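Below is one structure, written out as structure tokens, with a few remarks after it.
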Amino acid sequence: MIRLQNVCLNYDGGPNILDNIDLALDEGSFHFLTGPSGAGKTSLLKLIFLAHRPSAGQLDLFGQNVKTLTRAQLAMMRRQIGVVFQDFRLIDHLSVYQNVTLPLRIAGKREADYRDNVTELLRWVGLGHQMDSKPETLSGGEKQRAAIARAVIARPRLIVADEPTGNVDPEMGIRLLRLLDELNKMGTTILIATHDNYIWSSFNHPRLHLENQHIQRLAPEAAPYV
Ligand SMILES: Nc1ncnc2c1ncn2[C@@H]1O[C@H](COP(=O)(O)OP(=O)(O)O)[C@@H](O)[C@H]1O
Ligand SMILES: [Mg+2]
């Protein structure tokens with residue numbers, strides 16, 4: 001599903017942040033991406049959700065070399081990727097319901113066809129009673145649940161999350177991860193950057209550790225969270 005071959009990334013010809021990365025992630029897999037601050041986790045995720053191009057090397061997503069794609073094809077591919085940011089990026093003047101349904105409206109879906117699904121999803125993430133609230137009235141954990149709901153609503157094949165638990169307390173962090181774990185059980189491929197040890201050590205998923213421009217693959221260490 002995701003394949004990097006000899007991928008390098010630098011900014012404006014500066015030193016390589018990522019150097020000759022080789023990585024293959026299977027469809028349906030769940031990986032944590034760890035590493036010290038500044039190691040390049042966000043940069044690697046940006047390559048994968050198509051916000052950046054590799055400076056060198058080849059990136060294949062969903063079996064296609066992204067370099068060969070037209071702008072329209074890239075946009076189509078981008079719609080199959082749900083992204084969760086640490087700072088939520090909800091739109092302030094829209095309600096929770098409007099934020100979460102944004103990807104569907106962009107895709108030209110009719111509200112009558114999705115209203116019930118969205119309501120069900122929002123109940124599932126515990127925001128059923130806050131559908132009409134504005135983001136500013138929500139707690140950090142609620143905002144992140146809304147952001148996750150928005151990332152998953154269009155049923156992406158891949159979900160990429162950058163420090164999704166960075167702004168929530170540990171208990172909420174585990175709850176958010178369980179939600180992503182459930183989606184993974186239904187077949188969604190998941191990649192989550194985190195520097196929270198308690199997060200990755202609470203789930204039985206392999207870890208990619210990025211440090212000094214290189215990636216090391218580590219087996220799951222944890223007992224599965226119960
Ligand atoms: N847009 C950018 N322009 C220049 N340098 C950047 C940019 N984004 C990140 N960097 C640099 O790349 C390195 C890796 O950053 P980042 O990918 O954010 O790491 P992490 O997410 O692991 O903390 C850092 O040294 C950072 O300063
Ligand atoms: Mg980062």
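Each chain in the structure tokens gets a letter, A, B and so on, in the order shown; residues start at 1 in every chain, and ligands are counted from 1 in the order they appear.
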
Original post:
Got a sec: who's within 10 Å of Asn10 (chain A), counting only C-alpha atoms, leaving out chain neighbours fewer than 3 positions off, as JSON, numbers by chain?
Top reply: {"A": [13, 14, 15, 16, 17, 18, 19, 43, 53, 54, 55, 56]}

Could you write out the selected residues, including C-alpha atoms, as a short mmCIF file (atom, residue, chain, number, x, y, z; two decimals), in the first residue's frame?
data_model
loop_
_atom_site.label_atom_id
_atom_site.label_comp_id
_atom_site.auth_asym_id
_atom_site.auth_seq_id
_atom_site.Cartn_x
_atom_site.Cartn_y
_atom_site.Cartn_z
CA GLY A 13 18.48 21.82 -0.87
CA GLY A 14 19.50 21.75 2.81
CA PRO A 15 20.72 18.62 4.59
CA ASN A 16 18.64 15.47 4.18
CA ILE A 17 15.97 15.13 6.86
CA LEU A 18 15.24 11.65 5.49
CA ASP A 19 18.09 9.77 3.87
CA SER A 43 8.05 15.26 7.23
CA ARG A 53 7.34 15.36 -2.80
CA PRO A 54 10.47 13.31 -2.14
CA SER A 55 13.68 15.14 -3.10
CA ALA A 56 14.92 11.81 -4.47
#

Give me the residues of chain A that have any atom at most 8 Å from an atom of ligand 2; for each, the nearest atom pair and the distance in Å, rounded to one decimal. Use only C-alpha atoms and all ligand atoms, sort by chain and number, and format it as a tab-separated table.
residue	atom	partner	partner_atom_place_in_ligand_line	distance
A:Ser37	CA	ligand 2	1 (Mg)	6.7
A:Gly38	CA	ligand 2	1 (Mg)	6.8
A:Gly40	CA	ligand 2	1 (Mg)	6.8
A:Lys41	CA	ligand 2	1 (Mg)	5.3
A:Thr42	CA	ligand 2	1 (Mg)	4.1
A:Ser43	CA	ligand 2	1 (Mg)	7.3
A:Asp162	CA	ligand 2	1 (Mg)	6.6
A:Glu163	CA	ligand 2	1 (Mg)	7.0
A:Ala193	CA	ligand 2	1 (Mg)	7.5

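Closest approach to ligand 1 from the set A:Lys185, A:His31, A:Arg89, A:His52 is made by A:His52, with distances taken over only C-alpha atoms and all ligand atoms.
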
Original post:
For the atom pair CA of Met77 (chain A) and CA of Gln64 (chain A), what is the interatomic distance in Å to one decimal place?
Top reply: 9.7 Å

Original post:
Any idea what's packed within 12 Å of Val66 (chain A), counting only C-alpha atoms, ignoring anything in its chain fewer than 2 positions away? Could you give it as a PyMOL selection string?
Top reply: chain A and resi 2-4+47-54+57-64+68-78

Would you pick out the contacts of region 176-184 of chain A at 8 Å or less, using only C-alpha atoms, so that residues sharing its chain but fewer than 3 positions from it are not included, and give the list as a compact mmCIF listing (two decimals) with C-alpha atoms, in the first residue's frame?
# COMPACT_ATOMS: atom_id res chain seq x y z
CA GLY A 28 -4.56 -3.27 6.57
CA SER A 29 -1.47 -2.75 8.74
CA PHE A 30 -1.20 -0.54 11.82
CA VAL A 125 -17.16 8.88 18.99
CA ARG A 145 -12.60 13.12 18.21
CA THR A 165 -2.87 12.54 21.33
CA MET A 172 -8.44 10.26 26.27
CA GLY A 173 -5.32 9.40 24.26
CA GLY A 187 -9.50 -2.94 7.21
CA THR A 188 -8.22 0.64 7.25
CA THR A 189 -4.45 1.01 7.10
CA ILE A 190 -3.16 3.21 9.93
CA ILE A 199 0.46 5.27 23.65

**OP:** Figure out the distance between CA of Ala154 (chain A) and CA of His93 (chain A), please, to one decimal in Å.
**Re:** 21.5 Å

**OP:** Give me, please, the distance in Å between CA of Glu211 (chain A) and atom 2 (C, counted along the ligand's line) of ligand 1, quoted to one decimal.
**Re:**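 Computed distance, CA of Glu211 (chain A) to atom 2 (C, counted along the ligand's line) of ligand 1, equals 17.6 Å.
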
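Checking A:Gln130, A:Ala147, A:Leu9, A:Met1 one by one against ligand 1, counting only C-alpha atoms and all ligand atoms, you find the shortest gap at A:Leu9.
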
Original post:
Can you tell me, as a VMD selection string, what residues are no more than 12 Å from Arg105 (chain A) when counting only C-alpha atoms, ignoring any on the same chain fewer than 5 positions away?
Top reply: chain A and resid 97 to 100 110 to 115 150 153 to 154

Could you write out that same residue set with C-alpha atoms as an mmCIF file, in the first residue's frame?
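Final output, saved to out39.cif:
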data_model
loop_
_atom_site.group_PDB
_atom_site.id
_atom_site.type_symbol
_atom_site.label_atom_id
_atom_site.label_comp_id
_atom_site.auth_asym_id
_atom_site.auth_seq_id
_atom_site.Cartn_x
_atom_site.Cartn_y
_atom_site.Cartn_z
ATOM 1 C CA TYR A 97 -21.545 18.201 12.041
ATOM 2 C CA GLN A 98 -20.525 20.623 9.280
ATOM 3 C CA ASN A 99 -16.819 20.076 9.951
ATOM 4 C CA VAL A 100 -17.159 16.317 9.866
ATOM 5 C CA ARG A 110 -26.061 14.537 -1.030
ATOM 6 C CA GLU A 111 -26.914 15.151 2.598
ATOM 7 C CA ALA A 112 -29.918 12.823 2.506
ATOM 8 C CA ASP A 113 -27.527 9.998 1.622
ATOM 9 C CA TYR A 114 -25.087 10.570 4.460
ATOM 10 C CA ARG A 115 -26.949 12.243 7.321
ATOM 11 C CA ARG A 150 -13.796 14.049 9.782
ATOM 12 C CA ILE A 153 -16.075 9.886 7.315
ATOM 13 C CA ALA A 154 -15.307 9.363 3.633
#

Original post:
When DSSP works through the backbone of this structure, what residues of region 12-225 of chain A end up as strand (DSSP E or B), shown as a PyMOL selection string?
Top reply: chain A and resi 16-25+30-34+56-61+64-65+81-84+158-162+189-193+207-211+214-218

Original post:
Which is closer to Lys46 (chain A) than all the others in A:Ala151, A:Leu33, A:Val160, A:Ile91, using only C-alpha atoms?
Top reply: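 Distance minimum relative to Lys46 (chain A) lands on A:Val160.
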
**OP:** Go through A:His214, A:His195, A:Arg175, A:His205 one by one, measure the shortest atom-to-atom distance of each to ligand 1 using only C-alpha atoms and all ligand atoms, and give the residue with the smallest value.
**Re:**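 Of the candidates, the smallest distance to ligand 1 is held by A:His195.
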
Subject >> Neighbour list for region 141-144 of chain A as a ChimeraX atom specification, cut-off 7 Å, only C-alpha atoms, skip fewer than 4 positions in-chain >> reply: /A:88,135,148,168,172

**OP:** Give me every alpha helix (DSSP H) residue in region 2-226 of chain A, going by DSSP on the backbone, as a ChimeraX atom specification.
**Re:** /A:41-48,71-78,96-106,111-124,140-152,170-185,197-200
